[in-house]
file final.txt (compact mmCIF, N, CA and C atoms)
# COMPACT_ATOMS: atom_id res chain seq x y z
N MET E 1 80.25 -4.10 -116.14
CA MET E 1 80.27 -5.42 -116.73
C MET E 1 78.84 -5.95 -116.74
N GLU E 2 78.47 -6.53 -117.82
CA GLU E 2 77.13 -7.09 -117.98
C GLU E 2 76.99 -8.37 -117.17
N PRO E 3 75.88 -8.54 -116.45
CA PRO E 3 75.67 -9.78 -115.70
C PRO E 3 75.70 -11.02 -116.59
N SER E 4 75.33 -10.88 -117.85
CA SER E 4 75.32 -12.04 -118.74
C SER E 4 76.71 -12.54 -119.08
N SER E 5 77.76 -11.78 -118.72
CA SER E 5 79.12 -12.23 -119.01
C SER E 5 79.63 -13.21 -117.96
N TYR E 6 78.85 -13.46 -116.93
CA TYR E 6 79.21 -14.42 -115.89
C TYR E 6 78.49 -15.74 -116.14
N GLU E 7 79.21 -16.84 -115.92
CA GLU E 7 78.61 -18.16 -116.10
C GLU E 7 78.76 -18.95 -114.80
N TYR E 8 77.64 -19.33 -114.22
CA TYR E 8 77.64 -20.15 -113.00
C TYR E 8 77.73 -21.61 -113.43
N VAL E 9 78.73 -22.32 -112.92
CA VAL E 9 78.91 -23.71 -113.33
C VAL E 9 78.84 -24.70 -112.17
N GLY E 10 78.47 -24.22 -110.99
CA GLY E 10 78.30 -25.15 -109.87
C GLY E 10 78.83 -24.58 -108.57
N ARG E 11 78.76 -25.42 -107.55
CA ARG E 11 79.23 -25.04 -106.22
C ARG E 11 79.84 -26.25 -105.55
N GLU E 12 80.64 -25.98 -104.54
CA GLU E 12 81.20 -27.06 -103.74
C GLU E 12 81.36 -26.58 -102.30
N LEU E 13 81.09 -27.47 -101.38
CA LEU E 13 81.27 -27.19 -99.97
C LEU E 13 82.77 -27.12 -99.70
N VAL E 14 83.21 -26.06 -99.01
CA VAL E 14 84.63 -25.92 -98.71
C VAL E 14 84.85 -25.73 -97.22
N GLU E 15 86.00 -26.13 -96.78
CA GLU E 15 86.40 -25.99 -95.38
C GLU E 15 86.92 -24.58 -95.12
N TYR E 16 86.89 -24.21 -93.88
CA TYR E 16 87.35 -22.90 -93.41
C TYR E 16 88.77 -22.61 -93.90
N GLU E 17 89.66 -23.58 -93.81
CA GLU E 17 91.06 -23.37 -94.21
C GLU E 17 91.18 -23.03 -95.70
N VAL E 18 90.35 -23.65 -96.51
CA VAL E 18 90.36 -23.39 -97.95
C VAL E 18 89.96 -21.94 -98.21
N VAL E 19 88.92 -21.47 -97.52
CA VAL E 19 88.46 -20.09 -97.67
C VAL E 19 89.61 -19.13 -97.38
N PHE E 20 90.29 -19.33 -96.27
CA PHE E 20 91.35 -18.39 -95.90
C PHE E 20 92.59 -18.53 -96.77
N ASP E 21 92.91 -19.71 -97.22
CA ASP E 21 94.03 -19.86 -98.16
C ASP E 21 93.75 -19.08 -99.44
N GLU E 22 92.53 -19.18 -99.93
CA GLU E 22 92.16 -18.45 -101.14
C GLU E 22 92.23 -16.94 -100.91
N ILE E 23 91.66 -16.48 -99.81
CA ILE E 23 91.66 -15.04 -99.51
C ILE E 23 93.08 -14.52 -99.39
N LYS E 24 93.92 -15.24 -98.68
CA LYS E 24 95.31 -14.81 -98.50
C LYS E 24 96.02 -14.69 -99.85
N GLY E 25 95.67 -15.57 -100.80
CA GLY E 25 96.27 -15.50 -102.12
C GLY E 25 95.98 -14.19 -102.84
N TYR E 26 94.84 -13.61 -102.56
CA TYR E 26 94.49 -12.31 -103.16
C TYR E 26 95.06 -11.15 -102.36
N ILE E 27 94.97 -11.21 -101.06
CA ILE E 27 95.39 -10.10 -100.21
C ILE E 27 96.90 -9.92 -100.20
N PHE E 28 97.64 -11.01 -100.14
CA PHE E 28 99.08 -10.92 -99.95
C PHE E 28 99.89 -11.03 -101.24
N ASN E 29 99.27 -10.70 -102.35
CA ASN E 29 99.99 -10.56 -103.62
C ASN E 29 99.78 -9.12 -104.05
N GLY E 30 100.88 -8.44 -104.33
CA GLY E 30 100.77 -7.03 -104.69
C GLY E 30 101.28 -6.14 -103.57
N LEU E 31 100.51 -5.09 -103.26
CA LEU E 31 100.94 -4.10 -102.28
C LEU E 31 101.26 -4.72 -100.92
N LEU E 32 100.46 -5.68 -100.49
CA LEU E 32 100.70 -6.34 -99.20
C LEU E 32 101.44 -7.66 -99.37
N SER E 33 102.32 -7.71 -100.33
CA SER E 33 103.08 -8.92 -100.59
C SER E 33 103.87 -9.34 -99.36
N LEU E 34 103.77 -10.61 -99.03
CA LEU E 34 104.51 -11.12 -97.87
C LEU E 34 106.02 -11.01 -98.06
N GLU E 35 106.47 -11.08 -99.31
CA GLU E 35 107.92 -10.98 -99.57
C GLU E 35 108.45 -9.59 -99.24
N ARG E 36 107.60 -8.58 -99.27
CA ARG E 36 108.03 -7.21 -98.97
C ARG E 36 108.11 -6.94 -97.47
N MET E 37 107.58 -7.83 -96.67
CA MET E 37 107.58 -7.62 -95.23
C MET E 37 108.95 -7.98 -94.67
N ASP E 38 109.35 -7.24 -93.65
CA ASP E 38 110.72 -7.31 -93.14
C ASP E 38 111.10 -8.60 -92.44
N SER E 39 110.13 -9.27 -91.83
CA SER E 39 110.50 -10.42 -91.00
C SER E 39 109.38 -11.45 -90.95
N ASP E 40 109.72 -12.61 -90.43
CA ASP E 40 108.70 -13.64 -90.22
C ASP E 40 107.64 -13.15 -89.23
N ASN E 41 108.07 -12.39 -88.22
CA ASN E 41 107.11 -11.85 -87.25
C ASN E 41 106.09 -10.95 -87.94
N ALA E 42 106.54 -10.11 -88.84
CA ALA E 42 105.63 -9.21 -89.56
C ALA E 42 104.67 -10.02 -90.44
N ARG E 43 105.19 -11.03 -91.13
CA ARG E 43 104.35 -11.88 -91.98
C ARG E 43 103.31 -12.63 -91.15
N ASN E 44 103.74 -13.21 -90.05
CA ASN E 44 102.80 -13.94 -89.19
C ASN E 44 101.75 -13.02 -88.59
N TYR E 45 102.16 -11.83 -88.19
CA TYR E 45 101.21 -10.86 -87.63
C TYR E 45 100.18 -10.46 -88.69
N ALA E 46 100.62 -10.20 -89.90
CA ALA E 46 99.70 -9.80 -90.98
C ALA E 46 98.70 -10.91 -91.27
N LYS E 47 99.17 -12.15 -91.35
CA LYS E 47 98.25 -13.27 -91.62
C LYS E 47 97.26 -13.46 -90.48
N LYS E 48 97.75 -13.37 -89.25
CA LYS E 48 96.86 -13.53 -88.09
C LYS E 48 95.84 -12.41 -88.03
N SER E 49 96.27 -11.17 -88.26
CA SER E 49 95.36 -10.03 -88.22
C SER E 49 94.29 -10.14 -89.29
N LEU E 50 94.68 -10.55 -90.49
CA LEU E 50 93.71 -10.71 -91.57
C LEU E 50 92.65 -11.73 -91.19
N THR E 51 93.08 -12.87 -90.68
CA THR E 51 92.15 -13.91 -90.29
C THR E 51 91.19 -13.42 -89.21
N GLU E 52 91.73 -12.75 -88.20
CA GLU E 52 90.89 -12.23 -87.12
C GLU E 52 89.92 -11.17 -87.61
N ASP E 53 90.38 -10.28 -88.48
CA ASP E 53 89.52 -9.21 -88.98
C ASP E 53 88.37 -9.76 -89.83
N ILE E 54 88.67 -10.72 -90.67
CA ILE E 54 87.61 -11.30 -91.51
C ILE E 54 86.62 -12.07 -90.66
N ASN E 55 87.11 -12.85 -89.72
CA ASN E 55 86.19 -13.57 -88.82
C ASN E 55 85.33 -12.59 -88.03
N GLU E 56 85.93 -11.50 -87.57
CA GLU E 56 85.17 -10.51 -86.82
C GLU E 56 84.10 -9.86 -87.69
N TYR E 57 84.42 -9.55 -88.94
CA TYR E 57 83.46 -8.96 -89.85
C TYR E 57 82.21 -9.84 -89.98
N TYR E 58 82.41 -11.10 -90.30
CA TYR E 58 81.26 -12.00 -90.45
C TYR E 58 80.56 -12.23 -89.12
N GLY E 59 81.30 -12.23 -88.03
CA GLY E 59 80.71 -12.37 -86.71
C GLY E 59 79.82 -11.19 -86.37
N LEU E 60 80.27 -9.99 -86.71
CA LEU E 60 79.47 -8.81 -86.44
C LEU E 60 78.20 -8.78 -87.30
N VAL E 61 78.31 -9.26 -88.52
CA VAL E 61 77.10 -9.40 -89.36
C VAL E 61 76.12 -10.33 -88.65
N SER E 62 76.63 -11.44 -88.17
CA SER E 62 75.78 -12.45 -87.54
C SER E 62 75.09 -11.91 -86.29
N ILE E 63 75.86 -11.29 -85.39
CA ILE E 63 75.24 -10.85 -84.14
C ILE E 63 74.41 -9.58 -84.33
N SER E 64 74.61 -8.86 -85.43
CA SER E 64 73.73 -7.72 -85.69
C SER E 64 72.35 -8.21 -86.14
N LEU E 65 72.30 -9.39 -86.71
CA LEU E 65 71.02 -9.98 -87.11
C LEU E 65 70.34 -10.70 -85.95
N ASN E 66 71.16 -11.25 -85.06
CA ASN E 66 70.65 -12.01 -83.92
C ASN E 66 71.72 -11.94 -82.84
N GLU E 67 71.43 -11.25 -81.75
CA GLU E 67 72.45 -11.06 -80.71
C GLU E 67 72.97 -12.37 -80.14
N ASN E 68 72.23 -13.45 -80.31
CA ASN E 68 72.69 -14.77 -79.87
C ASN E 68 73.20 -15.61 -81.03
N GLY E 69 73.46 -14.95 -82.16
CA GLY E 69 73.89 -15.66 -83.36
C GLY E 69 75.29 -16.22 -83.24
N VAL E 70 75.66 -16.98 -84.21
CA VAL E 70 76.99 -17.59 -84.28
C VAL E 70 78.01 -16.50 -84.57
N PHE E 71 79.07 -16.42 -83.77
CA PHE E 71 80.05 -15.37 -84.00
C PHE E 71 81.08 -15.73 -85.06
N HIS E 72 81.25 -16.98 -85.36
CA HIS E 72 82.22 -17.40 -86.38
C HIS E 72 81.51 -18.21 -87.47
N PRO E 73 80.66 -17.58 -88.27
CA PRO E 73 79.92 -18.34 -89.27
C PRO E 73 80.81 -18.99 -90.33
N LEU E 74 81.98 -18.43 -90.61
CA LEU E 74 82.85 -19.08 -91.58
C LEU E 74 83.43 -20.38 -91.05
N ILE E 75 83.48 -20.50 -89.74
CA ILE E 75 84.00 -21.72 -89.11
C ILE E 75 82.87 -22.71 -88.83
N SER E 76 81.74 -22.22 -88.34
CA SER E 76 80.70 -23.13 -87.87
C SER E 76 79.52 -23.30 -88.82
N SER E 77 79.47 -22.56 -89.91
CA SER E 77 78.39 -22.72 -90.87
C SER E 77 78.94 -23.31 -92.17
N GLU E 78 78.05 -23.75 -93.02
CA GLU E 78 78.49 -24.27 -94.31
C GLU E 78 78.89 -23.10 -95.21
N VAL E 79 80.02 -23.27 -95.87
CA VAL E 79 80.50 -22.27 -96.82
C VAL E 79 80.67 -22.97 -98.16
N TYR E 80 80.16 -22.34 -99.20
CA TYR E 80 80.24 -22.92 -100.55
C TYR E 80 81.06 -22.02 -101.45
N ARG E 81 81.98 -22.65 -102.17
CA ARG E 81 82.68 -21.98 -103.26
C ARG E 81 81.74 -22.03 -104.45
N LEU E 82 81.50 -20.88 -105.05
CA LEU E 82 80.69 -20.83 -106.25
C LEU E 82 81.62 -20.81 -107.46
N ASN E 83 81.45 -21.75 -108.34
CA ASN E 83 82.27 -21.80 -109.54
C ASN E 83 81.60 -20.92 -110.60
N ILE E 84 82.13 -19.71 -110.71
CA ILE E 84 81.60 -18.71 -111.62
C ILE E 84 82.73 -18.30 -112.56
N LYS E 85 82.45 -18.38 -113.84
CA LYS E 85 83.46 -18.04 -114.84
C LYS E 85 83.13 -16.72 -115.51
N CYS E 86 84.17 -15.99 -115.84
CA CYS E 86 84.03 -14.75 -116.57
C CYS E 86 85.33 -14.53 -117.33
N GLN E 87 85.25 -14.23 -118.61
CA GLN E 87 86.46 -14.06 -119.43
C GLN E 87 87.32 -12.89 -118.98
N ARG E 88 86.74 -11.93 -118.29
CA ARG E 88 87.51 -10.77 -117.84
C ARG E 88 88.33 -11.06 -116.59
N HIS E 89 88.10 -12.20 -115.94
CA HIS E 89 88.83 -12.52 -114.72
C HIS E 89 89.96 -13.50 -115.01
N GLU E 90 91.15 -13.09 -114.66
CA GLU E 90 92.28 -14.00 -114.77
C GLU E 90 92.10 -15.14 -113.76
N ARG E 91 91.59 -14.77 -112.60
CA ARG E 91 91.23 -15.74 -111.58
C ARG E 91 90.19 -15.12 -110.68
N SER E 92 89.42 -15.98 -110.01
CA SER E 92 88.37 -15.47 -109.14
C SER E 92 88.06 -16.48 -108.04
N PHE E 93 87.50 -15.94 -106.97
CA PHE E 93 87.05 -16.76 -105.85
C PHE E 93 85.76 -16.14 -105.33
N PHE E 94 84.67 -16.87 -105.49
CA PHE E 94 83.36 -16.46 -105.00
C PHE E 94 82.96 -17.47 -103.93
N PHE E 95 82.49 -16.98 -102.79
CA PHE E 95 81.97 -17.91 -101.80
C PHE E 95 80.74 -17.32 -101.15
N ILE E 96 79.92 -18.22 -100.61
CA ILE E 96 78.66 -17.82 -100.00
C ILE E 96 78.52 -18.55 -98.66
N VAL E 97 78.04 -17.82 -97.66
CA VAL E 97 77.81 -18.40 -96.34
C VAL E 97 76.44 -17.93 -95.86
N LYS E 98 75.71 -18.84 -95.24
CA LYS E 98 74.41 -18.48 -94.69
C LYS E 98 74.61 -17.97 -93.28
N ILE E 99 74.07 -16.78 -93.04
CA ILE E 99 74.10 -16.17 -91.71
C ILE E 99 72.65 -15.83 -91.38
N GLU E 100 72.12 -16.53 -90.38
CA GLU E 100 70.71 -16.40 -90.02
C GLU E 100 69.86 -16.72 -91.25
N ASN E 101 69.03 -15.77 -91.69
CA ASN E 101 68.19 -16.04 -92.85
C ASN E 101 68.69 -15.34 -94.11
N LEU E 102 69.96 -14.93 -94.09
CA LEU E 102 70.57 -14.27 -95.25
C LEU E 102 71.72 -15.11 -95.79
N TYR E 103 72.00 -14.92 -97.05
CA TYR E 103 73.19 -15.50 -97.67
C TYR E 103 74.12 -14.35 -98.01
N VAL E 104 75.36 -14.45 -97.54
CA VAL E 104 76.34 -13.41 -97.80
C VAL E 104 77.29 -13.92 -98.87
N LEU E 105 77.32 -13.20 -99.98
CA LEU E 105 78.18 -13.54 -101.10
C LEU E 105 79.41 -12.64 -101.06
N THR E 106 80.58 -13.23 -101.15
CA THR E 106 81.84 -12.49 -101.16
C THR E 106 82.62 -12.92 -102.38
N SER E 107 83.29 -11.96 -103.00
CA SER E 107 84.10 -12.34 -104.17
C SER E 107 85.43 -11.61 -104.16
N PHE E 108 86.40 -12.29 -104.71
CA PHE E 108 87.72 -11.73 -104.97
C PHE E 108 88.02 -12.06 -106.42
N VAL E 109 88.42 -11.07 -107.19
CA VAL E 109 88.75 -11.31 -108.59
C VAL E 109 90.02 -10.57 -108.98
N LYS E 110 90.73 -11.17 -109.89
CA LYS E 110 91.86 -10.49 -110.53
C LYS E 110 91.49 -10.39 -111.99
N GLU E 111 91.35 -9.16 -112.45
CA GLU E 111 90.94 -8.93 -113.83
C GLU E 111 92.11 -9.22 -114.76
N VAL E 112 91.77 -9.61 -115.97
CA VAL E 112 92.78 -9.81 -117.00
C VAL E 112 93.39 -8.44 -117.32
N SER E 113 94.70 -8.40 -117.41
CA SER E 113 95.38 -7.14 -117.69
C SER E 113 95.05 -6.65 -119.08
N GLU E 114 94.80 -5.35 -119.19
CA GLU E 114 94.49 -4.72 -120.49
C GLU E 114 95.72 -4.69 -121.38
N GLN E 115 96.92 -4.76 -120.81
CA GLN E 115 98.16 -4.63 -121.57
C GLN E 115 98.57 -5.90 -122.26
N GLU E 116 97.94 -7.01 -121.95
CA GLU E 116 98.37 -8.29 -122.53
C GLU E 116 97.89 -8.44 -123.94
call {"tool": "encode", "arguments": {"input": "final.txt", "output": "structure tokens"}}
result
Amino acid sequence: MEPSSYEYVGRELVEYEVVFDEIKGYIFNGLLSLERMDSDNARNYAKKSLTEDINEYYGLVSISLNENGVFHPLISSEVYRLNIKCQRHERSFFFIVKIENLYVLTSFVKEVSEQE
């Protein structure tokens, strides 16, 4: 995909809960659909594990840059939703968080189906 097909239209500061609600919307639709899980215990475990794994990932990035760094940058640092449009995406979620002197950009996209 050509970089010129993306349009940046702004950013907004978002809370930790918003980040995880958005991520869960991508992760738990499809193969890991919550409706396919056998019980409430399985659904709760999957949601909790996802949250812990993502927090750990960003925490490990942080402490690898600075052993005294913030372990939960998504919770304790500013996180911005980037409003980026692309005609090939049915929906998308781009966010950026500053960890030490780096900015980590993460994106989730659902491409428009070719069959439509």
call {"tool": "atom_distance", "arguments": {"input": "final.txt", "atom1": "atom CA of Ile54 of chain E", "atom2": "atom CA of Pro73 of chain E"}}
result
10.7 Å
call {"tool": "select_by_dssp", "arguments": {"input": "final.txt", "residues": "chain E", "states": "strand (DSSP E)", "output": "PyMOL selection string"}}
result
chain E and resi 7-14+79-85+89-99+102-111
call {"tool": "closest_residue", "arguments": {"input": "final.txt", "among": "E:Asp53, E:Glu15, E:Glu7, E:Glu100", "to": "Val79 of chain E", "atoms": "only N, CA and C atoms"}}
result
E:Glu15
call {"tool": "residues_around", "arguments": {"input": "final.txt", "residues": "Ser76 of chain E", "least_positions_apart": "5", "cutoff": "12 Å", "atoms": "only C-alpha atoms", "output": "number ranges by chain"}}
result
E: 14-16, 55, 58-59, 62, 69-71, 97-99
call {"tool": "select_by_dssp", "arguments": {"input": "final.txt", "residues": "segment 8-112 of chain E", "states": "alpha helix (DSSP H)", "output": "ChimeraX atom specification"}}
result
/E:16-27,40-65,73-76
call {"tool": "atom_distance", "arguments": {"input": "final.txt", "atom1": "atom C of Ser113 of chain E", "atom2": "atom CA of Cys86 of chain E"}}
result
13.9 Å
call {"tool": "closest_residue", "arguments": {"input": "final.txt", "among": "E:Val18, E:Leu31, E:Leu82, E:Leu50", "to": "Phe94 of chain E", "atoms": "only C-alpha atoms"}}
result
E:Leu82
